[in-house]
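I have placed the structure first, in the form of structure tokens, so that the comments after it can refer back to it.
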Amino acid sequence: MVALRQLQEQSIVQTLLRWEINALREIGLQPMLDRCVLCKKPLEDMPASQPITWNALAGGVVCSLCPTPSRGRRQLSQELWRCWRLSTQQQDLPLPESSCQQLLDVLHEYWMHQLAKPLRLITYFSPHR
């Protein structure tokens with residue numbers, strides 16, 4: 001119901017992103033974003049110039065000290081990672097449209113790994129596919 005109300009106030013991309021983040025949290029699949037999913041080291045101490053390694057198969061971000069398989073791996077900018085973390089903590093935080101679209105792409109990849117099958121509606125929400 002909240003998502004339907006937000007469609008009047010926000011773009012569909014931002015509304016869909018919020019819905020997907022909430023859905024992952026509600027079903028217990030929220031990815032680990034504040035610390036390394038492998039060694040559990042907090043990521044706040046990372047240099048701002050260093051990209052964040054996201055691994056959909058592992059279910060979160062991986063620090064630079066931990067080896068991660070190339071399958072399911074993607075580099076995120078510090079800015080995108082921070083936007084993602086903030087959006088999981090503050091429901092009403094407005095995000096730039098470009099960040100929303102990038103996060104949707106990452107989340108759709110994560111959903112596909114979790115479900116072990118492609119998402120049929122992904123072509124409607126991702127211009128890159």
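Chain labels A, B, ... are given in the sequence in which chains occur in the structure tokens; within each chain residues are numbered consecutively from 1, and ligands are likewise numbered from 1 in the order shown.
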Show me, as a short mmCIF file (atom, residue, chain, number, x, y, z; two decimals) with C-alpha atoms, in the first residue's frame, the residues that have an atom within 10 Å of Leu103 of chain A when counting only C-alpha atoms, minus same-chain residues fewer than 6 positions from it.
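Generated file (part_19.cif):
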```cif
data_model
loop_
_atom_site.label_atom_id
_atom_site.label_comp_id
_atom_site.auth_asym_id
_atom_site.auth_seq_id
_atom_site.Cartn_x
_atom_site.Cartn_y
_atom_site.Cartn_z
CA VAL A 13 12.10 3.55 -10.38
CA GLN A 14 12.55 4.94 -6.86
CA LEU A 17 13.72 0.23 -5.51
CA ILE A 21 14.72 -3.31 -0.55
CA LEU A 76 30.29 -0.51 -6.90
CA LEU A 80 26.47 4.03 -4.91
CA TRP A 81 27.30 1.82 -1.92
CA CYS A 83 23.29 5.46 -1.28
CA TRP A 84 22.29 1.82 -0.96
CA GLU A 97 17.39 8.70 -10.40
CA GLU A 109 20.97 -9.58 -10.36
#
```
I'd like a table as a Markdown table: residues in segment 10-64 of chain A with an atom no more than 12 Å from segment 114-119 of chain A, each row giving the shortest atom pair and its distance in Å to one decimal, only C-alpha atoms counted, sorted by chain and rising residue number.
```
| residue | atom | partner | partner_atom | distance |
| --- | --- | --- | --- | --- |
| A:Leu24 | CA | A:Gln114 | CA | 10.3 |
| A:Ile27 | CA | A:Gln114 | CA | 11.5 |
| A:Gly28 | CA | A:Gln114 | CA | 11.4 |
| A:Leu29 | CA | A:Gln114 | CA | 8.4 |
| A:Gln30 | CA | A:Gln114 | CA | 10.9 |
| A:Pro31 | CA | A:Gln114 | CA | 10.8 |
| A:Asn55 | CA | A:Gln114 | CA | 11.9 |
| A:Ala56 | CA | A:Gln114 | CA | 8.3 |
| A:Leu57 | CA | A:Gln114 | CA | 7.9 |
| A:Ala58 | CA | A:Gln114 | CA | 10.2 |
| A:Gly59 | CA | A:Gln114 | CA | 8.8 |
```
As an mmCIF file with N, CA and C atoms, in the first residue's frame, which residues of chain A does DSSP assign to helix (DSSP H, G or I)?
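Here's the written file states15.cif:
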```cif
data_model
loop_
_atom_site.group_PDB
_atom_site.id
_atom_site.type_symbol
_atom_site.label_atom_id
_atom_site.label_comp_id
_atom_site.auth_asym_id
_atom_site.auth_seq_id
_atom_site.Cartn_x
_atom_site.Cartn_y
_atom_site.Cartn_z
ATOM 1 N N VAL A 2 1.964 1.213 0.766
ATOM 2 C CA VAL A 2 2.886 2.355 0.810
ATOM 3 C C VAL A 2 3.467 2.603 -0.572
ATOM 4 N N ALA A 3 3.834 1.522 -1.269
ATOM 5 C CA ALA A 3 4.412 1.660 -2.612
ATOM 6 C C ALA A 3 3.425 2.332 -3.559
ATOM 7 N N LEU A 4 2.157 2.012 -3.451
ATOM 8 C CA LEU A 4 1.152 2.644 -4.319
ATOM 9 C C LEU A 4 1.037 4.141 -4.033
ATOM 10 N N ARG A 5 1.088 4.509 -2.761
ATOM 11 C CA ARG A 5 1.050 5.938 -2.419
ATOM 12 C C ARG A 5 2.288 6.662 -2.920
ATOM 13 N N GLN A 6 3.436 5.996 -2.846
ATOM 14 C CA GLN A 6 4.683 6.624 -3.291
ATOM 15 C C GLN A 6 4.703 6.861 -4.789
ATOM 16 N N LEU A 7 3.968 6.061 -5.547
ATOM 17 C CA LEU A 7 3.921 6.257 -6.997
ATOM 18 C C LEU A 7 3.388 7.636 -7.357
ATOM 19 N N GLN A 8 2.573 8.223 -6.501
ATOM 20 C CA GLN A 8 2.058 9.571 -6.746
ATOM 21 C C GLN A 8 3.115 10.633 -6.471
ATOM 22 N N GLU A 9 4.063 10.318 -5.590
ATOM 23 C CA GLU A 9 5.030 11.315 -5.142
ATOM 24 C C GLU A 9 6.420 11.148 -5.747
ATOM 25 N N ILE A 12 8.671 5.930 -10.620
ATOM 26 C CA ILE A 12 8.418 4.500 -10.502
ATOM 27 C C ILE A 12 9.695 3.742 -10.161
ATOM 28 N N VAL A 13 10.830 4.223 -10.653
ATOM 29 C CA VAL A 13 12.103 3.548 -10.381
ATOM 30 C C VAL A 13 12.432 3.626 -8.893
ATOM 31 N N GLN A 14 12.257 4.788 -8.292
ATOM 32 C CA GLN A 14 12.546 4.936 -6.864
ATOM 33 C C GLN A 14 11.555 4.133 -6.017
ATOM 34 N N THR A 15 10.301 4.114 -6.422
ATOM 35 C CA THR A 15 9.289 3.340 -5.700
ATOM 36 C C THR A 15 9.596 1.853 -5.777
ATOM 37 N N LEU A 16 9.945 1.374 -6.967
ATOM 38 C CA LEU A 16 10.282 -0.034 -7.135
ATOM 39 C C LEU A 16 11.520 -0.395 -6.313
ATOM 40 N N LEU A 17 12.515 0.472 -6.303
ATOM 41 C CA LEU A 17 13.719 0.227 -5.515
ATOM 42 C C LEU A 17 13.367 0.083 -4.037
ATOM 43 N N ARG A 18 12.578 0.998 -3.512
ATOM 44 C CA ARG A 18 12.170 0.936 -2.100
ATOM 45 C C ARG A 18 11.414 -0.366 -1.813
ATOM 46 N N TRP A 19 10.517 -0.737 -2.740
ATOM 47 C CA TRP A 19 9.741 -1.951 -2.539
ATOM 48 C C TRP A 19 10.663 -3.170 -2.506
ATOM 49 N N GLU A 20 11.624 -3.238 -3.425
ATOM 50 C CA GLU A 20 12.525 -4.382 -3.477
ATOM 51 C C GLU A 20 13.408 -4.458 -2.239
ATOM 52 N N ILE A 21 13.896 -3.329 -1.767
ATOM 53 C CA ILE A 21 14.716 -3.312 -0.548
ATOM 54 C C ILE A 21 13.893 -3.812 0.632
ATOM 55 N N ASN A 22 12.656 -3.331 0.755
ATOM 56 C CA ASN A 22 11.779 -3.771 1.846
ATOM 57 C C ASN A 22 11.428 -5.248 1.717
ATOM 58 N N ALA A 23 11.161 -5.707 0.498
ATOM 59 C CA ALA A 23 10.811 -7.115 0.293
ATOM 60 C C ALA A 23 11.968 -8.023 0.706
ATOM 61 N N LEU A 24 13.187 -7.669 0.336
ATOM 62 C CA LEU A 24 14.344 -8.478 0.721
ATOM 63 C C LEU A 24 14.497 -8.531 2.238
ATOM 64 N N ARG A 25 14.279 -7.404 2.901
ATOM 65 C CA ARG A 25 14.371 -7.369 4.362
ATOM 66 C C ARG A 25 13.277 -8.247 4.987
ATOM 67 N N GLU A 26 12.057 -8.120 4.490
ATOM 68 C CA GLU A 26 10.923 -8.859 5.052
ATOM 69 C C GLU A 26 11.066 -10.370 4.893
ATOM 70 N N GLN A 78 31.906 3.970 -4.298
ATOM 71 C CA GLN A 78 31.639 4.305 -2.892
ATOM 72 C C GLN A 78 30.315 5.058 -2.772
ATOM 73 N N GLU A 79 30.060 5.950 -3.730
ATOM 74 C CA GLU A 79 28.834 6.751 -3.696
ATOM 75 C C GLU A 79 27.588 5.869 -3.812
ATOM 76 N N LEU A 80 27.614 4.928 -4.733
ATOM 77 C CA LEU A 80 26.470 4.035 -4.912
ATOM 78 C C LEU A 80 26.276 3.155 -3.684
ATOM 79 N N TRP A 81 27.356 2.647 -3.135
ATOM 80 C CA TRP A 81 27.297 1.818 -1.924
ATOM 81 C C TRP A 81 26.700 2.603 -0.768
ATOM 82 N N ARG A 82 27.138 3.843 -0.609
ATOM 83 C CA ARG A 82 26.593 4.682 0.482
ATOM 84 C C ARG A 82 25.105 4.979 0.265
ATOM 85 N N CYS A 83 24.718 5.248 -0.968
ATOM 86 C CA CYS A 83 23.291 5.463 -1.277
ATOM 87 C C CYS A 83 22.478 4.230 -0.906
ATOM 88 N N TRP A 84 22.992 3.071 -1.250
ATOM 89 C CA TRP A 84 22.290 1.823 -0.962
ATOM 90 C C TRP A 84 22.134 1.634 0.537
ATOM 91 N N ARG A 85 23.232 1.840 1.271
ATOM 92 C CA ARG A 85 23.178 1.691 2.736
ATOM 93 C C ARG A 85 22.186 2.671 3.345
ATOM 94 N N LEU A 86 22.234 3.921 2.898
ATOM 95 C CA LEU A 86 21.312 4.929 3.434
ATOM 96 C C LEU A 86 19.863 4.596 3.101
ATOM 97 N N SER A 87 19.621 4.074 1.906
ATOM 98 C CA SER A 87 18.251 3.761 1.512
ATOM 99 C C SER A 87 17.678 2.605 2.321
ATOM 100 N N THR A 88 18.528 1.739 2.860
ATOM 101 C CA THR A 88 18.033 0.659 3.713
ATOM 102 C C THR A 88 17.742 1.158 5.126
ATOM 103 N N GLN A 89 18.355 2.275 5.505
ATOM 104 C CA GLN A 89 18.181 2.815 6.855
ATOM 105 C C GLN A 89 17.111 3.899 6.921
ATOM 106 N N GLU A 97 17.980 9.676 -9.474
ATOM 107 C CA GLU A 97 17.389 8.701 -10.404
ATOM 108 C C GLU A 97 18.434 7.731 -10.951
ATOM 109 N N SER A 98 19.621 8.245 -11.268
ATOM 110 C CA SER A 98 20.666 7.369 -11.816
ATOM 111 C C SER A 98 21.115 6.334 -10.786
ATOM 112 N N SER A 99 21.200 6.733 -9.526
ATOM 113 C CA SER A 99 21.569 5.779 -8.468
ATOM 114 C C SER A 99 20.488 4.724 -8.290
ATOM 115 N N CYS A 100 19.236 5.148 -8.364
ATOM 116 C CA CYS A 100 18.128 4.196 -8.243
ATOM 117 C C CYS A 100 18.195 3.143 -9.339
ATOM 118 N N GLN A 101 18.445 3.567 -10.557
ATOM 119 C CA GLN A 101 18.502 2.622 -11.674
ATOM 120 C C GLN A 101 19.678 1.672 -11.524
ATOM 121 N N GLN A 102 20.830 2.184 -11.105
ATOM 122 C CA GLN A 102 21.995 1.321 -10.902
ATOM 123 C C GLN A 102 21.731 0.307 -9.793
ATOM 124 N N LEU A 103 21.103 0.758 -8.701
ATOM 125 C CA LEU A 103 20.793 -0.149 -7.598
ATOM 126 C C LEU A 103 19.768 -1.196 -8.007
ATOM 127 N N LEU A 104 18.796 -0.793 -8.819
ATOM 128 C CA LEU A 104 17.829 -1.771 -9.318
ATOM 129 C C LEU A 104 18.523 -2.853 -10.134
ATOM 130 N N ASP A 105 19.472 -2.464 -10.964
ATOM 131 C CA ASP A 105 20.220 -3.445 -11.754
ATOM 132 C C ASP A 105 20.944 -4.437 -10.846
ATOM 133 N N VAL A 106 21.580 -3.924 -9.784
ATOM 134 C CA VAL A 106 22.293 -4.785 -8.837
ATOM 135 C C VAL A 106 21.301 -5.687 -8.100
ATOM 136 N N LEU A 107 20.183 -5.118 -7.663
ATOM 137 C CA LEU A 107 19.187 -5.914 -6.941
ATOM 138 C C LEU A 107 18.545 -6.978 -7.824
ATOM 139 N N HIS A 108 18.306 -6.652 -9.089
ATOM 140 C CA HIS A 108 17.736 -7.653 -9.991
ATOM 141 C C HIS A 108 18.698 -8.823 -10.184
ATOM 142 N N GLU A 109 19.971 -8.516 -10.277
ATOM 143 C CA GLU A 109 20.975 -9.576 -10.361
ATOM 144 C C GLU A 109 20.946 -10.421 -9.081
ATOM 145 N N TYR A 110 20.831 -9.770 -7.940
ATOM 146 C CA TYR A 110 20.778 -10.469 -6.649
ATOM 147 C C TYR A 110 19.538 -11.361 -6.564
ATOM 148 N N TRP A 111 18.374 -10.815 -6.970
ATOM 149 C CA TRP A 111 17.141 -11.613 -6.977
ATOM 150 C C TRP A 111 17.326 -12.859 -7.841
ATOM 151 N N MET A 112 17.924 -12.705 -9.022
ATOM 152 C CA MET A 112 18.109 -13.839 -9.927
ATOM 153 C C MET A 112 18.991 -14.912 -9.294
ATOM 154 N N HIS A 113 20.036 -14.495 -8.556
ATOM 155 C CA HIS A 113 20.881 -15.473 -7.878
ATOM 156 C C HIS A 113 20.110 -16.154 -6.749
ATOM 157 N N GLN A 114 19.322 -15.392 -6.024
ATOM 158 C CA GLN A 114 18.554 -15.973 -4.917
ATOM 159 C C GLN A 114 17.473 -16.928 -5.413
ATOM 160 N N LEU A 115 16.820 -16.566 -6.505
ATOM 161 C CA LEU A 115 15.738 -17.395 -7.042
ATOM 162 C C LEU A 115 16.235 -18.494 -7.979
ATOM 163 N N ILE A 122 12.184 -8.046 -15.859
ATOM 164 C CA ILE A 122 13.378 -7.202 -15.773
ATOM 165 C C ILE A 122 13.512 -6.253 -16.969
ATOM 166 N N THR A 123 13.065 -6.648 -18.132
ATOM 167 C CA THR A 123 13.201 -5.799 -19.314
ATOM 168 C C THR A 123 12.374 -4.517 -19.203
ATOM 169 N N TYR A 124 11.347 -4.509 -18.378
ATOM 170 C CA TYR A 124 10.526 -3.320 -18.205
ATOM 171 C C TYR A 124 11.178 -2.274 -17.307
ATOM 172 N N PHE A 125 12.098 -2.721 -16.448
ATOM 173 C CA PHE A 125 12.684 -1.827 -15.462
ATOM 174 C C PHE A 125 14.154 -1.541 -15.670
#
```
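The residue set within 8 Å of Ser77 of chain A, counting only C-alpha atoms and dropping same-chain residues fewer than 5 places from it, reads Gln50, Pro51 and Ile52 of chain A.
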### Task
Report the distance between atom CA of Leu33 of chain A and atom CA of Gly60 of chain A in Å, rounded to one decimal place.
5.8 Å
Which residues of segment 50-127 of chain A come within 6 Å of segment 34-37 of chain A, and what is each one's closest atom pair and distance in Å (one decimal), counting only C-alpha atoms, sorted by chain and residue number, as JSON lines?
```
{"residue": "A:Gly60", "atom": "CA", "partner": "A:Val37", "partner_atom": "CA", "distance": 5.5}
{"residue": "A:Val61", "atom": "CA", "partner": "A:Cys36", "partner_atom": "CA", "distance": 5.5}
{"residue": "A:Val62", "atom": "CA", "partner": "A:Cys36", "partner_atom": "CA", "distance": 4.6}
{"residue": "A:Cys63", "atom": "CA", "partner": "A:Cys36", "partner_atom": "CA", "distance": 5.3}
```
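Atom to atom, atom CA of Gln90 of chain A and atom CA of Cys66 of chain A stand 29.1 Å apart.
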Select from segment 12-72 of chain A everything DSSP, run on the backbone, classes as strand (DSSP E or B), then give the selection as a short mmCIF file (atom, residue, chain, number, x, y, z; two decimals) with N, CA and C atoms, in the first residue's frame.
```
data_model
loop_
_atom_site.label_atom_id
_atom_site.label_comp_id
_atom_site.auth_asym_id
_atom_site.auth_seq_id
_atom_site.Cartn_x
_atom_site.Cartn_y
_atom_site.Cartn_z
N MET A 32 24.19 -8.09 3.11
CA MET A 32 25.04 -7.45 4.10
C MET A 32 25.80 -6.31 3.42
N ARG A 35 29.37 -4.52 6.45
CA ARG A 35 30.61 -5.24 6.74
C ARG A 35 30.83 -6.32 5.69
N PRO A 42 34.11 -4.42 9.43
CA PRO A 42 33.33 -3.23 9.04
C PRO A 42 33.97 -2.53 7.85
N ILE A 52 33.91 -0.65 -3.99
CA ILE A 52 33.37 -1.71 -3.14
C ILE A 52 33.08 -2.91 -4.04
N THR A 53 33.47 -4.09 -3.59
CA THR A 53 33.18 -5.30 -4.34
C THR A 53 31.89 -5.90 -3.80
N TRP A 54 30.90 -6.00 -4.67
CA TRP A 54 29.62 -6.61 -4.36
C TRP A 54 29.63 -8.01 -4.95
N ASN A 55 29.15 -8.98 -4.19
CA ASN A 55 29.06 -10.33 -4.71
C ASN A 55 27.66 -10.87 -4.43
N GLY A 60 26.39 -10.10 -0.30
CA GLY A 60 26.78 -8.81 0.25
C GLY A 60 28.08 -8.30 -0.33
N VAL A 61 28.64 -7.33 0.38
CA VAL A 61 29.89 -6.73 -0.06
C VAL A 61 31.06 -7.51 0.53
N VAL A 62 32.17 -7.48 -0.19
CA VAL A 62 33.37 -8.22 0.21
C VAL A 62 34.51 -7.22 0.31
#
```
### Query
Which residue gives the smallest distance to Pro94 of chain A among A:Lys40, A:Ser11, A:Gln75, A:Leu65, with only C-alpha atoms counted?
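Among the listed residues, the smallest separation from Pro94 of chain A belongs to A:Ser11.
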### Query
Which value, in Å to one decimal, gives the distance between atom CA of Thr68 of chain A and atom CA of Leu38 of chain A?
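Spanning atom CA of Thr68 of chain A to atom CA of Leu38 of chain A is a straight-line distance of 8.9 Å.
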